[in-house]
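As stored in target23.txt (compact mmCIF, C-alpha atoms):
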# COMPACT_ATOMS: atom_id res chain seq x y z
CA MET A 1 172.20 173.21 127.68
CA VAL A 2 169.86 176.16 127.10
CA LEU A 3 167.37 173.88 125.35
CA THR A 4 167.42 171.49 128.31
CA ILE A 5 166.69 174.32 130.74
CA VAL A 6 163.84 175.58 128.54
CA ILE A 7 162.30 172.10 128.41
CA ILE A 8 162.56 171.71 132.18
CA VAL A 9 160.95 175.13 132.74
CA ILE A 10 158.13 174.26 130.33
CA LEU A 11 157.52 170.91 132.03
CA ILE A 12 157.41 172.57 135.45
CA GLY A 13 155.00 175.18 134.11
CA VAL A 14 152.74 172.52 132.59
CA TYR A 15 152.78 170.61 135.86
CA PHE A 16 151.68 173.60 137.95
CA LEU A 17 149.09 174.60 135.35
CA PHE A 18 147.65 171.10 135.41
CA MET A 19 147.59 171.03 139.20
CA ASN A 20 145.61 174.27 139.23
CA VAL A 21 143.23 173.45 136.38
CA TYR A 22 142.36 169.80 137.05
CA PRO A 23 139.45 169.97 139.54
CA VAL A 24 139.93 166.51 141.05
CA PHE A 25 142.92 167.75 143.05
CA GLY A 26 140.60 170.10 144.92
CA LEU A 27 141.71 173.45 146.26
CA ARG A 28 144.34 174.42 148.77
CA PRO A 29 143.13 176.58 151.68
CA SER A 30 143.32 180.34 151.16
CA GLU A 31 145.48 182.73 153.17
CA GLY A 32 142.38 183.61 155.18
CA ASP A 33 141.80 179.92 155.89
CA ILE A 34 145.38 179.52 157.05
CA ARG A 35 145.01 182.40 159.49
CA ARG A 36 141.87 180.73 160.80
CA PHE A 37 143.60 177.36 161.12
CA ALA A 38 146.38 178.97 163.15
CA GLN A 39 143.90 179.07 166.06
CA SER A 40 143.74 175.27 166.08
CA PRO A 41 145.90 173.34 168.59
CA GLN A 42 146.49 170.85 165.76
CA TYR A 43 148.06 173.46 163.46
CA ALA A 44 151.77 174.27 163.54
CA GLN A 45 154.31 175.43 160.96
CA ASN A 46 151.60 175.92 158.31
CA LYS A 47 150.20 172.40 158.50
CA PHE A 48 148.10 170.11 160.67
CA GLU A 49 149.97 167.61 162.81
CA ASN A 50 149.19 164.63 165.01
CA PRO A 51 149.68 165.03 168.78
CA VAL A 52 151.28 161.57 168.68
CA PRO A 53 153.83 161.83 165.86
CA ALA A 54 153.15 159.44 163.00
CA MET A 55 156.43 157.89 161.96
CA MET A 56 156.21 157.54 158.19
CA ASN A 57 159.71 158.63 157.16
CA MET A 58 160.69 155.48 155.35
CA SER A 59 164.36 154.57 155.15
CA PHE A 60 165.80 153.67 151.76
CA GLY A 61 165.84 150.00 152.72
CA THR A 62 162.24 150.07 153.97
CA THR A 63 161.07 151.78 150.78
CA LEU A 64 162.85 149.19 148.66
CA GLY A 65 161.20 146.45 150.73
CA ILE A 66 157.74 147.90 150.11
CA LEU A 67 158.40 148.20 146.38
CA ARG A 68 159.67 144.61 146.32
CA ASP A 69 156.54 143.36 148.10
CA MET A 70 154.27 145.28 145.74
CA ILE A 71 156.05 144.01 142.63
CA LYS A 72 156.16 140.47 143.98
CA GLY A 73 152.39 140.44 144.30
CA SER A 74 150.18 137.80 145.89
CA PRO A 75 147.41 135.55 144.55
CA HIS A 76 145.15 136.84 147.32
CA ARG A 77 145.52 140.62 146.92
CA ARG A 78 142.16 140.69 145.17
CA PRO A 79 139.19 138.29 145.33
CA LYS A 80 138.91 135.71 142.59
CA PHE A 81 135.12 135.55 142.73
CA ALA A 82 132.24 137.99 142.50
CA LEU A 83 131.53 139.51 145.88
CA PRO A 84 127.97 139.07 147.16
CA MET A 85 125.99 142.30 147.24
CA GLU A 86 122.47 143.13 148.38
CA LYS A 87 120.11 145.91 147.43
CA PRO A 88 120.10 148.51 150.23
CA GLN A 89 116.96 149.55 152.06
CA PHE A 90 116.53 153.31 151.90
CA ASN A 91 113.74 153.67 154.45
CA VAL A 92 114.75 156.76 156.39
CA ASN A 93 111.78 156.84 158.76
CA GLY A 94 112.23 153.44 160.38
CA ASP A 95 114.63 152.19 163.04
CA THR A 96 118.24 153.30 163.10
CA SER A 97 120.09 151.46 160.35
CA VAL A 98 123.51 151.24 158.76
CA THR A 99 124.42 150.12 155.25
CA TRP A 100 128.06 149.51 154.34
CA PHE A 101 129.02 149.90 150.66
CA GLY A 102 132.62 148.66 150.87
CA HIS A 103 135.72 150.46 152.12
CA SER A 104 134.47 153.27 154.40
CA ALA A 105 131.38 154.44 152.50
CA SER A 106 128.26 153.92 154.61
CA LEU A 107 124.70 155.21 154.92
CA LEU A 108 123.20 155.80 158.36
CA THR A 109 119.54 156.44 158.98
CA ILE A 110 118.83 157.78 162.44
CA ASP A 111 115.86 159.67 163.86
CA GLY A 112 114.42 160.15 160.39
CA LYS A 113 117.69 161.54 158.99
CA ALA A 114 119.93 160.07 156.29
CA LEU A 115 123.69 160.52 156.73
CA LEU A 116 126.39 159.47 154.25
CA LEU A 117 129.84 158.73 155.65
CA ASP A 118 132.84 159.14 153.32
CA PRO A 119 130.74 158.43 150.21
CA MET A 120 133.34 157.05 147.83
CA PHE A 121 131.28 155.31 145.12
CA GLY A 122 133.86 155.58 142.33
CA ARG A 123 135.72 152.98 140.31
CA THR A 124 139.14 153.46 141.90
CA PRO A 125 140.61 155.80 144.55
CA SER A 126 142.81 157.88 142.29
CA PRO A 127 142.94 161.35 140.78
CA PHE A 128 142.75 159.51 137.45
CA PRO A 129 139.83 157.11 137.97
CA TRP A 130 140.13 155.58 134.52
CA VAL A 131 143.55 154.20 135.53
CA GLY A 132 143.97 151.19 137.79
CA LYS A 133 141.93 148.19 138.76
CA ASN A 134 138.22 148.44 139.45
CA ARG A 135 136.75 148.01 142.93
CA TYR A 136 136.38 144.37 143.94
CA SER A 137 132.62 144.32 143.56
CA GLY A 138 132.75 145.92 140.13
CA GLY A 139 130.38 148.64 141.28
CA ILE A 140 127.84 149.48 143.95
CA PRO A 141 124.51 147.67 144.46
CA PHE A 142 122.31 150.64 143.61
CA GLU A 143 122.04 153.62 141.30
CA ILE A 144 123.10 156.89 142.92
CA ALA A 145 119.81 158.40 141.76
CA GLU A 146 118.05 155.95 144.10
CA LEU A 147 119.59 157.52 147.19
CA PRO A 148 117.10 159.37 149.36
CA GLN A 149 117.50 163.05 150.17
CA ILE A 150 120.72 163.18 152.20
CA ASP A 151 120.49 165.30 155.34
CA ALA A 152 124.25 165.34 155.79
CA VAL A 153 127.47 164.05 154.29
CA ILE A 154 130.10 163.49 156.99
CA LEU A 155 133.71 163.37 155.82
CA SER A 156 136.74 162.17 157.78
CA HIS A 157 139.53 163.55 155.55
CA ASP A 158 140.44 164.36 151.97
CA HIS A 159 142.23 161.24 150.69
CA TYR A 160 140.88 159.83 147.42
CA ASP A 161 139.49 156.67 148.99
CA HIS A 162 137.28 158.83 151.24
CA LEU A 163 136.62 162.06 149.34
CA ASP A 164 135.82 161.21 145.72
CA TYR A 165 135.28 164.00 143.19
CA GLY A 166 132.99 161.97 140.93
CA SER A 167 130.79 160.82 143.80
CA ILE A 168 130.42 164.33 145.23
CA MET A 169 129.48 165.70 141.82
CA LYS A 170 126.72 163.09 141.52
CA ILE A 171 125.22 163.56 144.99
CA LYS A 172 125.81 167.23 145.87
CA HIS A 173 122.40 168.35 144.57
CA LYS A 174 120.58 166.15 147.08
CA VAL A 175 122.73 166.91 150.16
CA LYS A 176 121.50 169.48 152.69
CA ARG A 177 124.71 169.84 154.72
CA PHE A 178 128.36 168.77 154.65
CA PHE A 179 130.26 168.28 157.93
CA VAL A 180 134.01 168.21 157.34
CA PRO A 181 137.28 168.72 159.24
CA LEU A 182 139.12 172.03 158.87
CA GLY A 183 140.22 172.85 155.32
CA VAL A 184 138.23 170.19 153.45
CA GLY A 185 135.52 172.70 152.62
CA ALA A 186 137.77 174.34 150.01
CA HIS A 187 137.66 171.17 147.88
CA LEU A 188 133.87 171.09 148.02
CA ILE A 189 133.55 174.77 147.15
CA ARG A 190 135.73 174.26 144.07
CA TRP A 191 133.39 171.46 143.06
CA GLY A 192 130.32 173.66 143.22
CA VAL A 193 128.99 173.00 146.72
CA PRO A 194 127.63 176.29 148.16
CA ALA A 195 129.71 177.53 151.08
CA ASP A 196 126.61 177.93 153.25
CA LYS A 197 126.05 174.16 153.04
CA ILE A 198 129.46 173.37 154.53
CA GLU A 199 130.48 173.27 158.19
CA GLU A 200 134.17 172.89 159.01
CA HIS A 201 135.17 171.73 162.48
CA ASP A 202 138.19 171.14 164.65
CA TRP A 203 138.71 168.27 167.07
CA TRP A 204 136.43 168.23 170.13
CA GLU A 205 133.97 170.70 168.61
CA GLU A 206 130.35 169.74 169.20
CA MET A 207 127.34 170.71 167.15
CA SER A 208 123.59 170.06 166.92
CA TYR A 209 121.93 169.35 163.61
CA GLU A 210 118.21 168.72 163.17
CA GLY A 211 117.89 166.90 166.48
CA LEU A 212 121.19 165.00 166.20
CA GLU A 213 124.26 165.66 168.32
CA LEU A 214 127.59 165.47 166.49
CA ALA A 215 131.18 165.83 167.61
CA CYS A 216 134.34 166.10 165.52
CA THR A 217 136.89 163.95 167.34
CA PRO A 218 140.60 163.09 166.91
CA ALA A 219 142.29 160.58 164.64
CA ASN A 220 145.99 159.84 164.05
CA HIS A 221 146.45 160.10 160.30
CA PHE A 222 147.35 162.69 157.64
CA SER A 223 145.85 164.40 154.58
CA GLY A 224 146.67 165.46 151.04
CA ARG A 225 145.49 165.12 147.43
CA SER A 226 148.60 166.15 145.48
CA THR A 227 152.37 166.27 145.77
CA ASN A 228 152.75 169.33 147.99
CA ASP A 229 149.70 169.60 150.23
CA ARG A 230 150.34 167.08 152.98
CA GLY A 231 148.76 168.31 156.20
CA ALA A 232 147.01 171.23 154.49
CA THR A 233 143.67 169.97 155.82
CA LEU A 234 142.66 168.22 159.03
CA TRP A 235 141.56 164.59 159.51
CA CYS A 236 139.14 163.33 162.16
CA SER A 237 136.69 160.79 163.51
CA TRP A 238 133.02 161.49 164.31
CA VAL A 239 130.54 160.93 167.12
CA ILE A 240 126.89 160.72 166.05
CA LYS A 241 124.15 160.64 168.68
CA GLY A 242 120.41 160.39 168.18
CA LYS A 243 117.57 160.18 170.67
CA ASN A 244 118.11 156.50 171.42
CA THR A 245 121.23 155.39 169.57
CA SER A 246 124.86 156.48 169.52
CA LEU A 247 127.44 155.68 166.85
CA PHE A 248 131.17 156.22 166.35
CA PHE A 249 132.89 156.54 162.96
CA SER A 250 136.67 156.18 163.26
CA GLY A 251 137.82 157.61 159.94
CA ASP A 252 141.43 156.52 159.31
CA SER A 253 143.76 156.32 162.27
CA GLY A 254 146.62 154.61 163.99
CA TYR A 255 146.12 153.35 167.53
CA THR A 256 146.71 156.05 170.17
CA PRO A 257 145.09 157.06 173.51
CA HIS A 258 142.57 159.23 171.66
CA PHE A 259 140.18 156.28 171.39
CA LYS A 260 139.96 155.96 175.16
CA GLN A 261 139.57 159.73 175.48
CA ILE A 262 136.61 159.61 173.09
CA GLY A 263 135.11 156.67 174.95
CA ASP A 264 135.44 158.42 178.30
CA LYS A 265 133.80 161.59 176.98
CA TYR A 266 131.11 160.25 174.62
CA GLY A 267 130.72 156.49 175.15
CA PRO A 268 129.19 154.03 175.23
CA PHE A 269 128.30 153.54 171.55
CA ASP A 270 125.66 151.17 170.25
CA LEU A 271 127.69 150.67 167.07
CA THR A 272 131.21 151.56 165.97
CA LEU A 273 132.30 151.76 162.34
CA MET A 274 135.97 151.09 162.90
CA GLU A 275 138.82 151.15 160.40
CA CYS A 276 140.13 147.68 159.58
CA GLY A 277 142.26 147.39 156.46
CA GLN A 278 145.10 148.85 154.36
CA TYR A 279 147.55 148.36 157.22
CA ASP A 280 151.17 147.29 157.50
CA GLU A 281 153.61 147.21 160.40
CA ARG A 282 155.69 149.74 158.46
CA TRP A 283 152.91 152.35 158.63
CA ALA A 284 151.11 151.22 161.79
CA ASP A 285 151.07 154.78 163.14
CA ILE A 286 148.42 155.82 160.61
CA HIS A 287 146.30 152.67 160.19
CA LEU A 288 144.96 150.20 162.74
CA MET A 289 146.12 146.61 162.68
CA PRO A 290 143.05 144.30 162.90
CA GLU A 291 143.69 143.44 166.54
CA GLU A 292 143.93 147.17 167.28
CA THR A 293 140.58 147.66 165.56
CA VAL A 294 138.99 145.47 168.20
CA GLN A 295 140.88 147.16 171.03
CA ALA A 296 139.94 150.62 169.75
CA HIS A 297 136.30 149.49 169.73
CA LEU A 298 136.67 148.50 173.38
CA ASP A 299 138.44 151.77 174.18
CA VAL A 300 135.55 153.89 172.88
CA ARG A 301 133.15 151.60 174.80
CA GLY A 302 131.45 150.17 171.75
CA LYS A 303 128.81 147.48 171.95
CA VAL A 304 128.72 146.22 168.35
CA LEU A 305 131.65 146.49 165.94
CA LEU A 306 131.31 146.94 162.17
CA PRO A 307 134.78 146.72 160.55
CA ILE A 308 135.21 149.08 157.57
CA HIS A 309 138.01 150.24 155.24
CA TRP A 310 138.28 146.88 153.52
CA GLY A 311 136.42 144.88 150.87
CA ALA A 312 136.76 147.34 147.97
CA PHE A 313 140.32 148.30 147.01
CA THR A 314 143.87 147.00 147.35
CA LEU A 315 145.82 149.82 149.00
CA ALA A 316 148.21 147.68 151.03
CA ILE A 317 150.14 144.43 150.76
CA HIS A 318 148.01 142.11 152.91
CA ASP A 319 145.51 139.59 151.50
CA TRP A 320 142.18 141.23 150.77
CA PHE A 321 140.34 139.09 153.36
CA ASP A 322 143.03 139.33 156.05
CA PRO A 323 141.48 142.35 157.86
CA VAL A 324 138.13 140.75 158.61
CA THR A 325 139.62 137.32 159.29
CA ARG A 326 142.03 138.65 161.90
CA ALA A 327 139.49 141.06 163.39
CA ALA A 328 136.93 138.27 163.77
CA LYS A 329 139.47 136.12 165.61
CA ALA A 330 140.42 138.99 167.93
CA ALA A 331 136.77 139.89 168.52
CA GLU A 332 135.93 136.32 169.51
CA ALA A 333 138.90 136.19 171.88
CA LYS A 334 137.77 139.40 173.61
CA GLY A 335 134.04 138.71 173.60
CA VAL A 336 133.25 141.51 171.15
CA GLN A 337 130.09 141.33 169.06
CA MET A 338 131.17 141.96 165.45
CA VAL A 339 128.82 142.25 162.46
CA THR A 340 129.97 141.41 158.94
CA PRO A 341 127.23 142.33 156.48
CA PRO A 342 127.88 141.83 152.77
CA ILE A 343 128.11 145.00 150.72
CA GLY A 344 124.74 146.76 150.54
CA GLN A 345 122.96 144.80 153.26
CA THR A 346 121.06 147.12 155.61
CA ILE A 347 121.20 146.17 159.29
CA PHE A 348 118.89 147.67 161.88
CA LEU A 349 119.49 148.72 165.46
CA LYS A 350 116.78 148.84 168.09
CA GLY A 351 118.10 150.63 171.14
CA SER A 352 121.23 148.75 172.17
CA ASP A 353 120.29 145.54 170.34
CA VAL A 354 121.00 144.74 166.72
CA GLN A 355 118.02 143.07 165.10
CA SER A 356 120.14 140.97 162.78
CA TYR A 357 123.76 139.95 163.26
CA PRO A 358 125.21 139.07 159.85
CA LYS A 359 128.08 136.71 160.62
CA ALA A 360 128.37 134.53 157.51
CA ASN A 361 131.94 134.33 156.25
CA TRP A 362 130.90 135.61 152.82
CA TRP A 363 134.50 136.51 151.97
CA VAL A 364 135.43 132.80 151.98
CA GLN A 365 134.76 131.15 148.62
CA SER A 366 132.98 127.84 149.06
Show how you would write the structure in this file as structure tokens.
Amino acid sequence: MVLTIVIIVILIGVYFLFMNVYPVFGLRPSEGDIRRFAQSPQYAQNKFENPVPAMMNMSFGTTLGILRDMIKGSPHRRPKFALPMEKPQFNVNGDTSVTWFGHSASLLTIDGKALLLDPMFGRTPSPFPWVGKNRYSGGIPFEIAELPQIDAVILSHDHYDHLDYGSIMKIKHKVKRFFVPLGVGAHLIRWGVPADKIEEHDWWEEMSYEGLELACTPANHFSGRSTNDRGATLWCSWVIKGKNTSLFFSGDSGYTPHFKQIGDKYGPFDLTLMECGQYDERWADIHLMPEETVQAHLDVRGKVLLPIHWGAFTLAIHDWFDPVTRAAKAAEAKGVQMVTPPIGQTIFLKGSDVQSYPKANWWVQS
């Protein structure tokens, strides 16, 4: 009995030591941070919360159903062919452009500035990136060293499929500023990003940066990188406005009235990068269903829709191509202009018109 207790105590000690030593987990906010967060309307009972409660308390039966579906598998969870990829164009000084790299990682060039959104370039969204299946495309269509000087990295939240330790370590030396929701800065500081390069913001806070107007806006989601830090940091969406173009980046979110609130305050948007993937009816409060992706685009008063959060990893039970297939059908039914560039293809915006509308169903194997 004594030996068993000793072993348990040792295992618990090793666990907590590992959690504190392994840098990928990031860093929990300090006591000073927590006192600062207490001023936020989103912060209550020592954690951030959604104004519209996200129902994710799975019953035993629901949990068993999810495990059954995961074990059962599907022949279409991952693509069976090499995904088409194009070499990005890194011309910062031209027209406003957007390049999608799969999942939510994207590069925006606007008014001579280069912005990276949720730059997850790693192999797999996990604290142990050597474990698990590789991203669908096998990699990204460029070498990270080829990226231009990055004026700002804009992060939506701290989940592994959006905030990747390996990617940050490779790009941090060429990034001038990081814009993040409350609490996420602690992770970056642990990873060697100088504190004076990081700006943390709450919902509805507006800021100017080198001629651009930004706003940190709501999302209905959650956060966490380990077993006991759920809600320790905030999650958000972002408004990005230049001289002639305006864009909206949804981050991860369920469908709530916040999209219409954002549209009323900041719309219209020339382009929306809207979450579309990793959904299920059982967790619809934290991820958009594809039809909701289109409706959220309409709510924020978007003109052109670029669906993101798909095409890289299997994090849900649906077929890998289901998000874009369903979104395209809903967009056609509602008269929404949707662009579907292959990974790495740079598309250009001129005012309110997109120069090229990639619509080929590249996710369908011929």
- Task: Within 12 Å of Gly183 of chain A, counting only C-alpha atoms, which residues show up once you throw out same-chain ones fewer than 2 positions away? Write them as a PyMOL selection string, please.
- Result: chain A and resi 26-38+40+43+47-48+155-158+179-181+185-189+198-202+223-224+229-236
- Message: Residues near Glu49 of chain A, anyone? I mean within 9 Å using all atoms listed in the file, not counting same-chain ones fewer than 3 positions away, as a ChimeraX atom specification.
- Response: /A:42-44,52-54,220-222,231,234
Go through segment 156-273 of chain A and flag each residue having an atom no more than 8 Å from segment 113-126 of chain A; for those, report the closest pair of atoms plus their distance in Å to one decimal, using all atoms listed in the file, ordered by chain and rising number, as CSV.
residue,atom,partner,partner_atom,distance
A:Ser156,CA,A:Asp118,CA,6.7
A:Tyr160,CA,A:Pro125,CA,5.0
A:Asp161,CA,A:Pro125,CA,4.7
A:His162,CA,A:Asp118,CA,4.9
A:Leu163,CA,A:Met120,CA,6.2
A:Asp164,CA,A:Met120,CA,5.3
A:Gly166,CA,A:Gly122,CA,6.6
A:Ser167,CA,A:Phe121,CA,5.7
A:Ile168,CA,A:Pro119,CA,7.7
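Considering all atoms listed in the file, the residue among A:Asn93, A:Thr245, A:Asn361, A:Thr293 positioned nearest to Gly277 of chain A is A:Thr293.
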- Nearest-residue call for Gln39 of chain A, choices A:Leu83, A:Leu182, A:Leu214, A:Leu288, using only C-alpha atoms: A:Leu182
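Distances here use all atoms listed in the file; by that measure, the residue among A:Met85, A:Leu315, A:Lys350, A:His297 closest to Ala327 of chain A is A:His297.
As for atom CA of Phe81 of chain A and atom CA of His318 of chain A, they are spaced 17.7 Å apart.
Summary of the local environment: counting all atoms listed in the file, residues at most 12 Å from Lys80 of chain A, other than itself and those fewer than 5 positions away along its chain, are Ser74, Pro75, Tyr136, Ser137, Asp319, Trp320, Phe321, Trp363, Val364, Gln365 and Ser366 of chain A.
Considering all atoms listed in the file, the residue among A:Asp299, A:Glu332, A:Glu275, A:Asp270 positioned nearest to Thr256 of chain A is A:Asp299.
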Could you rebuild segment 258-272 of chain A with N, CA, C and O atoms and give it back as an mmCIF file, keeping the file's coordinate frame?
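The file below, part.cif, is the result:
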data_model
loop_
_atom_site.group_PDB
_atom_site.id
_atom_site.type_symbol
_atom_site.label_atom_id
_atom_site.label_comp_id
_atom_site.auth_asym_id
_atom_site.auth_seq_id
_atom_site.Cartn_x
_atom_site.Cartn_y
_atom_site.Cartn_z
ATOM 1 N N HIS A 258 143.753 158.430 171.962
ATOM 2 C CA HIS A 258 142.570 159.230 171.660
ATOM 3 C C HIS A 258 141.287 158.399 171.671
ATOM 4 O O HIS A 258 140.211 158.915 171.961
ATOM 5 N N PHE A 259 141.390 157.112 171.371
ATOM 6 C CA PHE A 259 140.180 156.280 171.390
ATOM 7 C C PHE A 259 139.599 156.208 172.810
ATOM 8 O O PHE A 259 138.384 156.345 173.000
ATOM 9 N N LYS A 260 140.453 156.003 173.788
ATOM 10 C CA LYS A 260 139.960 155.960 175.160
ATOM 11 C C LYS A 260 139.414 157.320 175.596
ATOM 12 O O LYS A 260 138.404 157.395 176.313
ATOM 13 N N GLN A 261 140.059 158.396 175.157
ATOM 14 C CA GLN A 261 139.570 159.730 175.480
ATOM 15 C C GLN A 261 138.168 159.947 174.920
ATOM 16 O O GLN A 261 137.296 160.517 175.590
ATOM 17 N N ILE A 262 137.942 159.480 173.702
ATOM 18 C CA ILE A 262 136.610 159.610 173.090
ATOM 19 C C ILE A 262 135.598 158.758 173.843
ATOM 20 O O ILE A 262 134.471 159.185 174.110
ATOM 21 N N GLY A 263 136.012 157.532 174.199
ATOM 22 C CA GLY A 263 135.110 156.670 174.950
ATOM 23 C C GLY A 263 134.736 157.241 176.294
ATOM 24 O O GLY A 263 133.576 157.168 176.723
ATOM 25 N N ASP A 264 135.711 157.832 176.980
ATOM 26 C CA ASP A 264 135.440 158.420 178.300
ATOM 27 C C ASP A 264 134.487 159.605 178.182
ATOM 28 O O ASP A 264 133.657 159.829 179.076
ATOM 29 N N LYS A 265 134.605 160.374 177.113
ATOM 30 C CA LYS A 265 133.800 161.590 176.980
ATOM 31 C C LYS A 265 132.425 161.324 176.359
ATOM 32 O O LYS A 265 131.426 161.928 176.768
ATOM 33 N N TYR A 266 132.348 160.393 175.391
ATOM 34 C CA TYR A 266 131.110 160.250 174.620
ATOM 35 C C TYR A 266 130.504 158.844 174.663
ATOM 36 O O TYR A 266 129.373 158.661 174.215
ATOM 37 N N GLY A 267 131.245 157.846 175.155
ATOM 38 C CA GLY A 267 130.720 156.490 175.150
ATOM 39 C C GLY A 267 129.626 156.296 176.191
ATOM 40 O O GLY A 267 129.379 157.186 177.018
ATOM 41 N N PRO A 268 128.975 155.146 176.159
ATOM 42 C CA PRO A 268 129.190 154.030 175.230
ATOM 43 C C PRO A 268 128.505 154.275 173.887
ATOM 44 O O PRO A 268 127.661 155.161 173.762
ATOM 45 N N PHE A 269 128.881 153.455 172.893
ATOM 46 C CA PHE A 269 128.300 153.540 171.550
ATOM 47 C C PHE A 269 127.592 152.236 171.227
ATOM 48 O O PHE A 269 128.132 151.157 171.449
ATOM 49 N N ASP A 270 126.396 152.370 170.663
ATOM 50 C CA ASP A 270 125.660 151.170 170.250
ATOM 51 C C ASP A 270 126.361 150.459 169.102
ATOM 52 O O ASP A 270 126.312 149.231 169.000
ATOM 53 N N LEU A 271 126.998 151.240 168.230
ATOM 54 C CA LEU A 271 127.690 150.670 167.070
ATOM 55 C C LEU A 271 128.921 151.508 166.777
ATOM 56 O O LEU A 271 128.871 152.738 166.832
ATOM 57 N N THR A 272 130.029 150.852 166.458
ATOM 58 C CA THR A 272 131.210 151.560 165.970
ATOM 59 C C THR A 272 131.502 151.101 164.550
ATOM 60 O O THR A 272 131.438 149.903 164.244
#
